[in-house]
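Peer 1: Structure file upload11.txt (compact mmCIF, C-alpha atoms and all ligand atoms) right here:
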# COMPACT_ATOMS: atom_id res chain seq x y z
CA MET A 1 -45.31 124.71 -23.38
CA LEU A 2 -43.39 123.26 -20.46
CA LYS A 3 -44.54 124.58 -17.11
CA PRO A 4 -41.86 124.99 -14.45
CA ASN A 5 -42.51 123.86 -10.89
CA PRO A 6 -44.74 126.71 -9.68
CA HIS A 7 -43.70 126.25 -6.06
CA TYR A 8 -40.29 127.83 -6.70
CA ALA A 9 -42.17 131.12 -6.90
CA ASP A 10 -43.23 130.59 -3.27
CA LEU A 11 -39.63 130.55 -2.02
CA LYS A 12 -38.56 133.53 0.00
CA ASP A 13 -35.25 135.10 -1.01
CA SER A 14 -32.34 133.55 0.81
CA TYR A 15 -31.93 136.79 2.62
CA LEU A 16 -29.78 135.71 5.56
CA PHE A 17 -26.44 134.71 4.07
CA TYR A 18 -26.81 137.04 1.10
CA ASN A 19 -27.37 139.98 3.39
CA ILE A 20 -24.45 139.02 5.62
CA ALA A 21 -22.19 138.79 2.57
CA GLN A 22 -23.41 142.15 1.24
CA LYS A 23 -22.94 144.00 4.51
CA THR A 24 -19.54 142.43 5.08
CA LYS A 25 -18.37 143.29 1.57
CA ALA A 26 -19.59 146.89 1.92
CA TYR A 27 -17.63 147.24 5.17
CA CYS A 28 -14.44 145.75 3.67
CA ASP A 29 -14.71 147.95 0.56
CA ALA A 30 -14.97 151.02 2.76
CA HIS A 31 -12.15 149.86 5.07
CA PRO A 32 -9.50 148.18 2.91
CA GLY A 33 -7.07 145.95 4.75
CA THR A 34 -9.48 145.15 7.59
CA ARG A 35 -9.00 141.74 9.21
CA LEU A 36 -12.48 140.36 9.84
CA LEU A 37 -12.97 137.74 12.51
CA ARG A 38 -15.57 135.38 11.08
CA LEU A 39 -17.66 133.51 13.60
CA GLY A 40 -20.62 133.32 11.29
CA ILE A 41 -20.06 130.56 8.81
CA GLY A 42 -20.86 126.94 9.52
CA ASP A 43 -17.86 125.63 7.55
CA VAL A 44 -14.97 123.97 9.33
CA SER A 45 -11.45 125.39 9.43
CA LEU A 46 -9.34 122.30 10.21
CA PRO A 47 -8.18 119.99 7.40
CA LEU A 48 -8.93 116.28 7.02
CA CYS A 49 -7.18 113.95 9.49
CA PRO A 50 -3.98 112.17 8.35
CA VAL A 51 -5.65 108.74 8.37
CA VAL A 52 -8.35 110.04 6.00
CA VAL A 53 -5.82 111.63 3.65
CA LYS A 54 -3.86 108.35 3.56
CA ALA A 55 -7.05 106.45 2.68
CA LEU A 56 -7.78 108.96 -0.11
CA HIS A 57 -4.32 108.44 -1.61
CA GLU A 58 -4.54 104.66 -1.36
CA ALA A 59 -8.02 104.60 -2.90
CA ALA A 60 -6.86 106.84 -5.75
CA ASP A 61 -4.06 104.33 -6.40
CA HIS A 62 -6.60 101.47 -6.39
CA GLN A 63 -8.50 103.27 -9.13
CA GLY A 64 -5.33 103.40 -11.24
CA LYS A 65 -4.71 99.62 -11.29
CA LYS A 66 -6.73 97.04 -13.16
CA GLU A 67 -6.69 94.56 -10.25
CA THR A 68 -8.02 97.03 -7.68
CA PHE A 69 -10.10 99.35 -9.86
CA HIS A 70 -13.74 99.95 -8.84
CA GLY A 71 -16.44 101.04 -11.27
CA TYR A 72 -19.97 101.82 -10.15
CA MET A 73 -20.47 101.33 -6.44
CA PRO A 74 -23.65 99.76 -5.02
CA GLU A 75 -26.21 102.58 -4.91
CA PRO A 76 -27.08 102.30 -1.20
CA GLY A 77 -23.38 102.37 -0.30
CA ALA A 78 -20.28 100.17 -0.28
CA PRO A 79 -20.72 97.18 2.07
CA PHE A 80 -17.44 98.04 3.85
CA LEU A 81 -18.72 101.51 4.76
CA ARG A 82 -22.29 100.47 5.60
CA GLU A 83 -20.81 97.89 7.95
CA ALA A 84 -18.38 100.42 9.47
CA VAL A 85 -21.28 102.78 10.21
CA ALA A 86 -23.41 99.98 11.67
CA ALA A 87 -20.45 98.95 13.87
CA HIS A 88 -20.07 102.56 14.98
CA TYR A 89 -23.72 102.55 16.12
CA ARG A 90 -23.21 99.15 17.80
CA SER A 91 -20.30 100.58 19.80
CA ARG A 92 -22.82 103.07 21.21
CA GLY A 93 -25.34 100.33 22.09
CA ILE A 94 -27.58 100.73 19.01
CA SER A 95 -28.13 97.61 16.98
CA LEU A 96 -28.62 98.20 13.24
CA ASP A 97 -28.81 95.91 10.28
CA THR A 98 -26.18 96.90 7.69
CA GLU A 99 -28.99 97.30 5.14
CA GLU A 100 -30.57 99.96 7.32
CA VAL A 101 -27.56 102.23 6.63
CA PHE A 102 -27.47 104.20 3.37
CA ILE A 103 -24.35 106.11 2.30
CA SER A 104 -24.95 109.59 0.93
CA SER A 105 -23.05 112.58 -0.40
CA GLY A 106 -23.98 114.57 2.69
CA ALA A 107 -26.89 115.54 4.88
CA SER A 108 -28.09 118.43 2.71
CA ASP A 109 -28.57 116.15 -0.28
CA GLU A 110 -30.47 113.63 1.82
CA LEU A 111 -32.65 116.19 3.60
CA GLY A 112 -33.96 117.25 0.22
CA ASP A 113 -34.00 113.88 -1.59
CA ILE A 114 -35.71 111.93 1.19
CA LEU A 115 -38.87 113.98 0.67
CA ASP A 116 -39.49 111.82 -2.41
CA LEU A 117 -40.76 109.16 0.01
CA PHE A 118 -43.66 111.25 1.25
CA ASP A 119 -46.93 112.37 -0.27
CA ARG A 120 -46.98 116.02 -1.30
CA ASP A 121 -50.21 116.44 0.64
CA SER A 122 -48.44 115.61 3.89
CA ALA A 123 -47.58 118.60 6.08
CA ALA A 124 -44.07 119.24 7.42
CA LEU A 125 -43.48 120.55 10.91
CA VAL A 126 -40.45 122.77 11.38
CA ILE A 127 -39.31 123.73 14.86
CA GLU A 128 -38.04 127.31 14.68
CA PRO A 129 -35.46 128.79 14.87
CA ALA A 130 -34.41 126.28 12.24
CA TYR A 131 -31.80 125.38 9.64
CA PRO A 132 -33.31 127.14 6.58
CA ALA A 133 -33.17 124.12 4.20
CA TYR A 134 -36.02 122.33 5.99
CA VAL A 135 -38.54 124.96 4.97
CA ASP A 136 -37.20 125.57 1.48
CA ALA A 137 -37.02 121.89 0.48
CA ASN A 138 -40.69 121.46 1.42
CA VAL A 139 -41.78 124.70 -0.25
CA MET A 140 -40.16 123.45 -3.48
CA ALA A 141 -42.23 120.27 -3.20
CA GLY A 142 -45.41 122.30 -2.61
CA ARG A 143 -45.86 120.86 0.86
CA ARG A 144 -47.73 122.67 3.63
CA ILE A 145 -45.39 123.91 6.38
CA VAL A 146 -46.41 123.99 10.03
CA ARG A 147 -44.22 126.00 12.35
CA LEU A 148 -43.60 125.39 16.04
CA SER A 149 -41.69 128.13 17.80
CA SER A 150 -39.16 127.19 20.44
CA SER A 151 -38.04 129.61 23.12
CA GLU A 152 -35.97 130.08 26.25
CA GLU A 153 -38.91 128.79 28.29
CA ASP A 154 -38.66 125.32 26.72
CA GLY A 155 -34.86 125.50 26.42
CA PHE A 156 -35.32 125.62 22.61
CA THR A 157 -36.39 121.96 22.76
CA PRO A 158 -40.20 122.01 22.63
CA VAL A 159 -42.49 119.00 22.77
CA PRO A 160 -45.55 118.64 20.52
CA THR A 161 -48.62 120.63 21.44
CA ALA A 162 -52.08 119.05 21.16
CA ASP A 163 -53.08 121.20 18.18
CA ILE A 164 -50.16 120.27 15.88
CA ASP A 165 -51.38 118.90 12.59
CA ALA A 166 -48.37 117.55 10.69
CA ASP A 167 -47.11 114.30 9.21
CA LEU A 168 -43.39 114.88 8.99
CA VAL A 169 -41.35 116.54 11.70
CA TYR A 170 -37.79 117.78 11.60
CA ILE A 171 -35.82 117.49 14.81
CA CYS A 172 -32.26 118.79 14.72
CA SER A 173 -30.27 117.86 17.83
CA PRO A 174 -27.73 119.23 18.69
CA ASN A 175 -29.50 122.11 17.06
CA ASN A 176 -28.36 124.52 14.43
CA PRO A 177 -28.69 127.43 15.28
CA THR A 178 -29.56 127.23 19.01
CA GLY A 179 -27.03 124.60 20.11
CA ALA A 180 -29.79 123.05 22.24
CA VAL A 181 -29.85 119.26 22.65
CA PHE A 182 -33.11 117.36 23.15
CA SER A 183 -33.17 115.19 26.27
CA ARG A 184 -34.11 111.49 26.05
CA GLU A 185 -37.39 112.29 27.81
CA LYS A 186 -38.37 114.95 25.28
CA LEU A 187 -37.42 112.77 22.32
CA LYS A 188 -39.54 110.00 23.81
CA VAL A 189 -42.53 112.39 23.77
CA TRP A 190 -41.91 113.09 20.06
CA VAL A 191 -41.47 109.38 19.28
CA ASP A 192 -44.74 108.47 21.02
CA TRP A 193 -46.49 111.36 19.26
CA ALA A 194 -45.19 110.22 15.85
CA ASN A 195 -46.14 106.57 16.42
CA ASP A 196 -49.62 107.54 17.63
CA ARG A 197 -50.24 109.81 14.63
CA GLY A 198 -48.48 107.73 12.01
CA ALA A 199 -46.08 110.65 11.46
CA VAL A 200 -42.38 110.33 10.59
CA ILE A 201 -39.51 112.11 12.37
CA LEU A 202 -36.59 113.27 10.22
CA PHE A 203 -33.84 113.41 12.83
CA ASP A 204 -30.95 115.59 11.72
CA ALA A 205 -27.93 114.37 13.66
CA ALA A 206 -25.29 116.36 11.74
CA TYR A 207 -23.77 117.53 15.05
CA GLU A 208 -24.08 114.32 17.11
CA ALA A 209 -20.31 114.06 17.54
CA PHE A 210 -20.34 117.23 19.65
CA VAL A 211 -22.40 115.63 22.43
CA THR A 212 -20.07 114.82 25.31
CA ASP A 213 -22.62 114.54 28.13
CA PRO A 214 -23.57 110.84 28.36
CA ALA A 215 -26.99 111.82 29.73
CA LEU A 216 -27.87 113.32 26.34
CA PRO A 217 -28.82 111.25 23.26
CA ARG A 218 -26.75 111.32 20.08
CA SER A 219 -29.19 109.27 18.03
CA ILE A 220 -32.98 109.05 17.86
CA PHE A 221 -32.50 105.27 17.89
CA GLU A 222 -31.50 105.47 21.55
CA ILE A 223 -35.19 106.07 22.15
CA GLU A 224 -37.58 103.15 22.47
CA GLY A 225 -40.13 103.14 19.67
CA ALA A 226 -38.01 105.18 17.22
CA ARG A 227 -37.51 102.28 14.82
CA THR A 228 -41.15 102.51 13.77
CA CYS A 229 -41.26 106.28 13.25
CA ALA A 230 -37.84 107.82 12.52
CA VAL A 231 -35.21 108.34 9.86
CA GLU A 232 -31.79 109.62 10.99
CA ILE A 233 -29.68 111.80 8.71
CA CYS A 234 -26.01 112.15 9.54
CA SER A 235 -22.96 113.72 8.01
CA LEU A 236 -19.18 113.58 8.26
CA SER A 237 -19.00 117.29 7.39
CA LYS A 238 -18.62 118.64 10.90
CA THR A 239 -17.58 115.39 12.57
CA ALA A 240 -14.57 114.83 10.33
CA GLY A 241 -14.12 117.94 8.18
CA PHE A 242 -15.82 116.49 5.08
CA THR A 243 -17.62 119.71 4.07
CA GLY A 244 -15.71 119.80 0.78
CA THR A 245 -15.13 116.05 0.49
CA ARG A 246 -18.87 115.20 0.85
CA LEU A 247 -20.04 112.11 2.70
CA GLY A 248 -22.95 111.28 4.96
CA TYR A 249 -25.17 108.41 5.97
CA THR A 250 -28.85 107.90 6.58
CA VAL A 251 -30.48 105.25 8.74
CA ILE A 252 -33.91 103.96 7.71
CA PRO A 253 -35.07 101.07 9.90
CA LYS A 254 -36.64 98.10 8.16
CA ALA A 255 -39.50 98.33 10.67
CA LEU A 256 -40.53 101.76 9.36
CA GLU A 257 -43.75 101.39 7.40
CA ARG A 258 -46.51 103.79 6.49
CA GLY A 259 -49.68 103.10 4.51
CA GLY A 260 -48.61 99.49 3.99
CA MET A 261 -45.33 100.54 2.37
CA ASN A 262 -41.83 99.93 3.69
CA LEU A 263 -39.70 103.09 3.72
CA ASN A 264 -36.40 101.21 3.70
CA ALA A 265 -37.41 99.27 0.57
CA MET A 266 -38.73 102.47 -1.01
CA TRP A 267 -35.39 104.20 -0.40
CA VAL A 268 -33.49 101.31 -2.00
CA ARG A 269 -35.75 101.73 -5.04
CA ASN A 270 -35.20 105.51 -4.98
CA ARG A 271 -31.39 105.31 -4.72
CA THR A 272 -31.08 102.62 -7.38
CA THR A 273 -33.13 104.82 -9.72
CA LYS A 274 -31.80 108.28 -8.95
CA THR A 275 -28.14 107.72 -8.06
CA ASN A 276 -25.22 105.58 -9.09
CA GLY A 277 -23.67 105.50 -5.64
CA VAL A 278 -21.08 107.64 -3.91
CA SER A 279 -17.47 107.67 -5.19
CA TYR A 280 -15.36 104.68 -4.12
CA VAL A 281 -12.47 106.97 -3.17
CA ILE A 282 -14.63 109.07 -0.86
CA GLN A 283 -16.25 106.04 0.73
CA ARG A 284 -12.77 104.65 1.53
CA ALA A 285 -11.93 107.98 3.16
CA GLY A 286 -15.16 107.75 5.15
CA ALA A 287 -14.37 104.22 6.31
CA ALA A 288 -11.04 105.51 7.67
CA VAL A 289 -12.99 107.86 9.99
CA PHE A 290 -14.54 104.84 11.71
CA THR A 291 -11.24 103.09 12.47
CA PRO A 292 -9.86 103.49 16.03
CA GLU A 293 -7.08 105.71 14.63
CA GLY A 294 -9.63 107.80 12.71
CA GLN A 295 -11.82 108.23 15.76
CA ALA A 296 -8.83 109.38 17.83
CA GLN A 297 -7.77 111.87 15.16
CA ILE A 298 -11.22 113.38 14.64
CA ARG A 299 -11.56 113.71 18.42
CA ASP A 300 -8.37 115.83 18.42
CA ASN A 301 -10.00 118.18 15.90
CA LEU A 302 -13.32 118.27 17.73
CA ARG A 303 -11.43 119.27 20.89
CA VAL A 304 -10.16 122.37 19.10
CA TYR A 305 -13.74 123.45 18.30
CA GLN A 306 -14.84 122.56 21.83
CA ALA A 307 -12.05 124.76 23.20
CA ASN A 308 -13.32 127.60 20.96
CA ALA A 309 -16.78 127.08 22.43
CA LYS A 310 -15.33 127.33 25.94
CA ILE A 311 -13.59 130.60 25.09
CA LEU A 312 -16.92 132.05 23.95
CA THR A 313 -19.07 130.67 26.77
CA ASP A 314 -16.51 131.83 29.40
CA THR A 315 -16.67 135.29 27.83
CA PHE A 316 -20.48 135.40 27.94
CA ASP A 317 -20.50 133.98 31.49
CA GLY A 318 -18.12 136.77 32.49
CA LEU A 319 -20.39 139.36 30.97
CA GLY A 320 -23.53 137.86 32.51
CA ILE A 321 -25.06 137.34 29.04
CA ARG A 322 -27.60 134.54 28.60
CA TYR A 323 -26.70 131.92 26.02
CA PHE A 324 -27.59 128.40 24.94
CA GLY A 325 -25.47 125.66 23.39
CA GLY A 326 -21.70 125.65 23.25
CA LYS A 327 -21.53 122.72 25.72
CA ASN A 328 -22.63 119.78 23.56
CA ALA A 329 -22.86 121.68 20.31
CA PRO A 330 -20.62 123.76 18.03
CA TYR A 331 -22.92 126.80 18.11
CA VAL A 332 -23.40 129.36 20.85
CA TRP A 333 -26.81 131.06 20.76
CA VAL A 334 -26.65 134.34 22.60
CA LYS A 335 -29.35 136.71 23.81
CA CYS A 336 -28.39 140.05 22.22
CA PRO A 337 -27.15 142.44 24.90
CA GLY A 338 -29.30 145.39 25.88
CA ASP A 339 -32.34 143.79 24.17
CA MET A 340 -30.97 144.71 20.75
CA GLU A 341 -32.50 143.26 17.61
CA SER A 342 -30.31 140.67 15.95
CA TRP A 343 -29.46 142.68 12.80
CA ALA A 344 -28.63 145.72 14.93
CA PHE A 345 -26.23 143.56 16.95
CA PHE A 346 -24.76 142.24 13.69
CA ASP A 347 -24.10 145.80 12.47
CA LEU A 348 -22.59 146.79 15.80
CA LEU A 349 -20.18 143.83 15.88
CA LEU A 350 -19.15 144.41 12.27
CA ASN A 351 -18.72 148.17 12.47
CA GLU A 352 -17.19 148.45 15.92
CA ILE A 353 -15.00 145.36 16.29
CA GLN A 354 -15.03 143.66 12.85
CA VAL A 355 -16.56 140.43 14.16
CA VAL A 356 -19.04 138.63 11.88
CA GLY A 357 -21.72 136.37 13.32
CA THR A 358 -25.22 135.29 12.27
CA PRO A 359 -28.37 137.18 13.28
CA GLY A 360 -30.98 134.92 14.87
CA ALA A 361 -33.84 136.50 12.92
CA GLY A 362 -32.53 134.72 9.83
CA PHE A 363 -33.57 131.35 11.28
CA GLY A 364 -37.25 132.24 11.73
CA SER A 365 -39.12 134.89 13.66
CA SER A 366 -38.52 133.22 17.03
CA GLY A 367 -34.80 133.81 16.48
CA GLU A 368 -35.24 137.60 16.72
CA GLY A 369 -33.24 139.04 19.62
CA TYR A 370 -30.65 136.24 19.46
CA PHE A 371 -27.35 135.76 17.69
CA ARG A 372 -25.43 132.65 16.58
CA PHE A 373 -21.69 132.25 16.97
CA SER A 374 -19.98 129.32 15.28
CA THR A 375 -17.02 127.62 16.96
CA PHE A 376 -15.55 126.27 13.72
CA GLY A 377 -13.08 129.14 13.27
CA SER A 378 -9.43 129.18 14.29
CA PRO A 379 -8.58 129.41 18.02
CA GLU A 380 -6.67 132.65 17.29
CA ASP A 381 -9.64 134.35 15.65
CA THR A 382 -12.05 133.05 18.28
CA GLY A 383 -9.84 134.29 21.13
CA GLU A 384 -9.36 137.69 19.52
CA ALA A 385 -13.10 138.00 18.78
CA ALA A 386 -13.92 137.07 22.39
CA GLU A 387 -11.61 139.78 23.72
CA ARG A 388 -13.05 142.42 21.43
CA MET A 389 -16.62 141.38 22.31
CA SER A 390 -15.83 141.48 26.01
CA ARG A 391 -14.77 145.10 25.80
CA LEU A 392 -17.62 146.17 23.50
CA ILE A 393 -20.43 144.38 25.34
CA ALA A 394 -19.19 145.55 28.74
CA ARG A 395 -19.45 149.10 27.36
CA ILE A 396 -22.99 148.50 26.07
CA LEU A 397 -24.14 147.03 29.35
CA ALA A 398 -22.60 149.90 31.32
CA ARG A 399 -24.62 152.50 29.38
CA PRO A 400 -27.30 154.18 31.49
CA MET A 401 -30.83 153.00 30.61
CA THR A 402 -32.72 155.64 28.65
N1 LIG B 1 -28.01 119.76 8.79
C1 LIG B 1 -27.64 120.81 9.52
C2 LIG B 1 -28.41 121.12 10.75
C3 LIG B 1 -26.57 121.61 9.14
O1 LIG B 1 -26.23 122.67 9.88
C4 LIG B 1 -25.87 121.29 7.96
C5 LIG B 1 -24.74 122.10 7.48
O2 LIG B 1 -24.39 123.14 7.97
C6 LIG B 1 -26.30 120.20 7.22
C7 LIG B 1 -27.36 119.45 7.66
C8 LIG B 1 -25.64 119.84 5.92
O3 LIG B 1 -24.55 119.05 6.07
P1 LIG B 1 -23.76 118.45 4.82
O4 LIG B 1 -22.49 119.21 4.72
O5 LIG B 1 -23.55 117.01 5.16
O6 LIG B 1 -24.60 118.60 3.60
Represent the structure from my file as structure tokens, please.
Ligand code: PLP
Peer 2:
Amino acid sequence: MLKPNPHYADLKDSYLFYNIAQKTKAYCDAHPGTRLLRLGIGDVSLPLCPVVVKALHEAADHQGKKETFHGYMPEPGAPFLREAVAAHYRSRGISLDTEEVFISSGASDELGDILDLFDRDSAALVIEPAYPAYVDANVMAGRRIVRLSSSEEDGFTPVPTADIDADLVYICSPNNPTGAVFSREKLKVWVDWANDRGAVILFDAAYEAFVTDPALPRSIFEIEGARTCAVEICSLSKTAGFTGTRLGYTVIPKALERGGMNLNAMWVRNRTTKTNGVSYVIQRAGAAVFTPEGQAQIRDNLRVYQANAKILTDTFDGLGIRYFGGKNAPYVWVKCPGDMESWAFFDLLLNEIQVVGTPGAGFGSSGEGYFRFSTFGSPEDTGEAAERMSRLIARILARPMT
């Protein structure tokens, strides 16, 4: 009889978002007509930019005419889009060969699929608090997980400790959920560590477009030595509102080899076997993002989210609450007021002021006592939520200590 993959039994229930949905539904059922202010979800609220929509329409028309119709696309990506991405990196001083860029249907797909390149006996290091998919994708593959906790002391950007025994390491910068961004110096420590050990860094750059401080890196390939130890996984989801349109890209340098095998060549083999390429129409839409017009239009949208972040960080500054992120990242990671636990703070915000956020404990045990606010909502909701939180938190902080 067929045996299913036994490792699925090792997965923990996806408690975080399920629990948030359950609690929120229970509140709404008990209080019909309530307007919830949702600062919890990681989805965007602004639509695609006009230049992207125009490209979608034009590409759809191409597909309707014999002369311009496209069938299967090259599995690693359309040359026009691979070149547009490589040019985008070049404009930031990073030189890439077009064949080092792979077009994907999004970062989530790649974060899971890329694990095909690595032995199941290799161990994966996850820096917590972390985006939950890193752990689950490796559990499904039966891989050993090593956890490294980050904290306020290291600014949620730790460097490797001498005792770490892992072969793959996930670095997410700007980070979901903490909003922390690794400095060039800290990334250099990781790059040297990975090259020394023969490890590979999976650099999740889904939020790179939110980095505005030129002193901070947006790509691991800004760091000397990264071409021999890193893969970068990127997405247009948050950069350009492609969460429902689906497009991303992955950079695998040709110089990246392990055990005598070339990871770029292995990924070509993988994609040509397991995919038939990303839709022509969507790749045309993606290419529009990298035009000067596209870059200007996505910047206008990013500014809306950045303004939301400022509303929240100004509020927490005013209240004297410690927080991370929000400056070069779309998430604000807040220390729960009055030393509350994160689910208790969730309940308080929901029941008292109908604001929904994400409890830090859901991102790993080192997230306990913290809370994540997303800046992807509407400015109106964010402003209203900030006002309500101001009043509520001021009240909590004014309570006499018991
Ligand atoms: N990586 C991180 C850190 C994320 O937060 C997300 C989405 O929220 C993703 C990857 C997935 O992005 P995509 O929509 O491209 O699958």
Peer 1: Kindly extract all protein, DNA and RNA residues lying within 10 Å of the coordinates (-32.2, 106.3, 23.5) given in the file, considering all atoms listed in the file, and supply them as a PyMOL selection string.
Peer 2: chain A and resi 93-94+183-185+187-188+215-226
Peer 1: Report the closest atom pair, with its distance in Å rounded to one decimal, for each residue of chain A that has an atom no farther than 9 Å from ligand LIG 1 (chain B); count only C-alpha atoms and all ligand atoms, sort by chain and then rising residue number, and write it as a tab-separated table.
Peer 2:
residue	atom	partner	partner_atom	distance
A:Ile41	CA	B:LIG1	O2	8.6
A:Gly42	CA	B:LIG1	O2	5.4
A:Asp43	CA	B:LIG1	O2	7.0
A:Ser104	CA	B:LIG1	O5	8.7
A:Ser105	CA	B:LIG1	O5	7.1
A:Gly106	CA	B:LIG1	O5	3.5
A:Ala107	CA	B:LIG1	O5	3.7
A:Ser108	CA	B:LIG1	O6	3.6
A:Asp109	CA	B:LIG1	O6	6.1
A:Glu110	CA	B:LIG1	O6	7.9
A:Leu111	CA	B:LIG1	C7	7.4
A:Ala130	CA	B:LIG1	C2	8.1
A:Tyr131	CA	B:LIG1	C2	5.6
A:Pro132	CA	B:LIG1	C2	8.8
A:Ala133	CA	B:LIG1	N1	8.2
A:Tyr134	CA	B:LIG1	N1	8.9
A:Cys172	CA	B:LIG1	C2	6.0
A:Ser173	CA	B:LIG1	C2	8.0
A:Pro174	CA	B:LIG1	C2	8.2
A:Asn175	CA	B:LIG1	C2	6.5
A:Asn176	CA	B:LIG1	C2	5.0
A:Pro177	CA	B:LIG1	O1	7.6
A:Asp204	CA	B:LIG1	N1	5.9
A:Ala205	CA	B:LIG1	N1	7.3
A:Ala206	CA	B:LIG1	N1	5.3
A:Tyr207	CA	B:LIG1	C2	7.3
A:Ile233	CA	B:LIG1	C7	8.1
A:Cys234	CA	B:LIG1	O5	7.0
A:Ser235	CA	B:LIG1	O5	4.4
A:Leu236	CA	B:LIG1	O5	6.4
A:Ser237	CA	B:LIG1	O4	4.8
A:Lys238	CA	B:LIG1	O4	7.3
A:Phe242	CA	B:LIG1	O4	7.2
A:Thr243	CA	B:LIG1	O4	4.9
A:Gly244	CA	B:LIG1	O4	7.9
A:Arg246	CA	B:LIG1	O5	6.6
A:Leu247	CA	B:LIG1	O5	6.5
A:Gly248	CA	B:LIG1	O5	5.8
A:Tyr249	CA	B:LIG1	O5	8.8
Peer 1: Identify which of the residues A:Ala166, A:Leu302, A:Ala78, A:Ile252 lies closest to A:Asp121, counting all atoms listed in the file when measuring atom-to-atom distances.
Peer 2: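 Smallest separation from A:Asp121 among the options: A:Ala166.
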Peer 1: I'd like the neighbourhood of stretch 293-297 of chain A as a list in words, where a residue qualifies if any of its atoms comes within 9 Å (using all atoms listed in the file), though same-chain residues fewer than 5 positions away should be ignored.
Peer 2: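 What passes the distance filter is Cys49, Pro50, Val51, Val52, Ala240, Ala287, Ala288 and Leu302 of chain A.
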Peer 1: Between A:Glu75, A:Asp13, A:Asp163, A:Asp154, which residue has the minimum interatomic distance to A:Val278, considering only C-alpha atoms?
Peer 2: A:Glu75
Peer 1: Against stretch 375-392 of chain A, which residues of stretch 225-344 of chain A fall within 10 Å? For each one I want the closest pair of atoms and the distance in Å (one decimal), counting only C-alpha atoms, rows by chain and increasing residue number, as JSON lines.
Peer 2:
{"residue": "A:Lys238", "atom": "CA", "partner": "A:Phe376", "partner_atom": "CA", "distance": 8.7}
{"residue": "A:Leu302", "atom": "CA", "partner": "A:Phe376", "partner_atom": "CA", "distance": 9.2}
{"residue": "A:Val304", "atom": "CA", "partner": "A:Pro379", "partner_atom": "CA", "distance": 7.3}
{"residue": "A:Tyr305", "atom": "CA", "partner": "A:Thr375", "partner_atom": "CA", "distance": 5.5}
{"residue": "A:Gln306", "atom": "CA", "partner": "A:Thr375", "partner_atom": "CA", "distance": 7.4}
{"residue": "A:Ala307", "atom": "CA", "partner": "A:Pro379", "partner_atom": "CA", "distance": 7.8}
{"residue": "A:Asn308", "atom": "CA", "partner": "A:Thr375", "partner_atom": "CA", "distance": 5.4}
{"residue": "A:Ala309", "atom": "CA", "partner": "A:Thr375", "partner_atom": "CA", "distance": 5.5}
{"residue": "A:Lys310", "atom": "CA", "partner": "A:Thr375", "partner_atom": "CA", "distance": 9.1}
{"residue": "A:Ile311", "atom": "CA", "partner": "A:Gly383", "partner_atom": "CA", "distance": 6.6}
{"residue": "A:Leu312", "atom": "CA", "partner": "A:Ala386", "partner_atom": "CA", "distance": 6.1}
{"residue": "A:Thr313", "atom": "CA", "partner": "A:Ala386", "partner_atom": "CA", "distance": 9.3}
{"residue": "A:Asp314", "atom": "CA", "partner": "A:Ala386", "partner_atom": "CA", "distance": 9.1}
{"residue": "A:Thr315", "atom": "CA", "partner": "A:Ala386", "partner_atom": "CA", "distance": 6.4}
{"residue": "A:Phe316", "atom": "CA", "partner": "A:Ser390", "partner_atom": "CA", "distance": 7.9}
{"residue": "A:Gly318", "atom": "CA", "partner": "A:Ser390", "partner_atom": "CA", "distance": 8.3}
{"residue": "A:Leu319", "atom": "CA", "partner": "A:Ser390", "partner_atom": "CA", "distance": 7.1}
{"residue": "A:Gly326", "atom": "CA", "partner": "A:Thr375", "partner_atom": "CA", "distance": 8.1}
{"residue": "A:Ala329", "atom": "CA", "partner": "A:Thr375", "partner_atom": "CA", "distance": 9.0}
{"residue": "A:Pro330", "atom": "CA", "partner": "A:Thr375", "partner_atom": "CA", "distance": 5.4}
{"residue": "A:Tyr331", "atom": "CA", "partner": "A:Thr375", "partner_atom": "CA", "distance": 6.1}
{"residue": "A:Val332", "atom": "CA", "partner": "A:Thr375", "partner_atom": "CA", "distance": 7.7}
Peer 1: Take atom CA of A:Met266 and atom CA of A:Arg90 and report the distance between them in Å, one decimal.
Peer 2: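 It comes out at 24.6 Å.
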Peer 1: Quick one, how far is atom CA of A:Asp167 from atom CA of A:Asp119?
Peer 2: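 The value is 9.7 Å.
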Peer 1: Separation of atom CA of A:Asn276 and atom CA of A:Pro74, in Å?
Peer 2: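 If I compute the distance from atom CA of A:Asn276 to atom CA of A:Pro74, I get 7.3 Å.
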Peer 1: Taking (-51.7, 115.9, 13.1) as a centre in this file's frame and 9 Å as the limit, can you find every polymer residue with an atom that close, using all atoms listed in the file, and give them as a list of chain:residue names?
Peer 2: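 The residues near that point, listed by chain and number, are A:Ala123, A:Ala162, A:Asp163, A:Ile164, A:Asp165, A:Ala166, A:Asp167, A:Arg197, A:Gly198, A:Ala199.
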Peer 1: Using only C-alpha atoms, pick whichever of A:Gln22, A:Thr245, A:Asn301, A:Asn264 has the shortest atom-to-atom distance to A:Arg227.
Peer 2: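 When distances to A:Arg227 are compared using only C-alpha atoms, the smallest one comes from A:Asn264.
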Peer 1: Would you kindly return, as a list in words, each protein, DNA or RNA residue with an atom no farther than 9 Å from any atom of stretch 70-73 of chain A, considering all atoms listed in the file and excluding same-chain residues fewer than 4 positions away?
Peer 2: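 That gives His62, Gln63, Lys66, Gly77, Ala78, Asn276, Gly277, Val278, Ser279 and Tyr280 of chain A.
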Peer 1: Could you please take those selected residues and save C-alpha atoms as a short mmCIF file (atom, residue, chain, number, x, y, z; two decimals), in the frame of the given file?
Peer 2:
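Result file follows (out30.cif):
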data_model
loop_
_atom_site.label_atom_id
_atom_site.label_comp_id
_atom_site.auth_asym_id
_atom_site.auth_seq_id
_atom_site.Cartn_x
_atom_site.Cartn_y
_atom_site.Cartn_z
CA HIS A 62 -6.60 101.47 -6.39
CA GLN A 63 -8.50 103.27 -9.13
CA LYS A 66 -6.73 97.04 -13.16
CA GLY A 77 -23.38 102.37 -0.30
CA ALA A 78 -20.28 100.17 -0.28
CA ASN A 276 -25.22 105.58 -9.09
CA GLY A 277 -23.67 105.50 -5.64
CA VAL A 278 -21.08 107.64 -3.91
CA SER A 279 -17.47 107.67 -5.19
CA TYR A 280 -15.36 104.68 -4.12
#
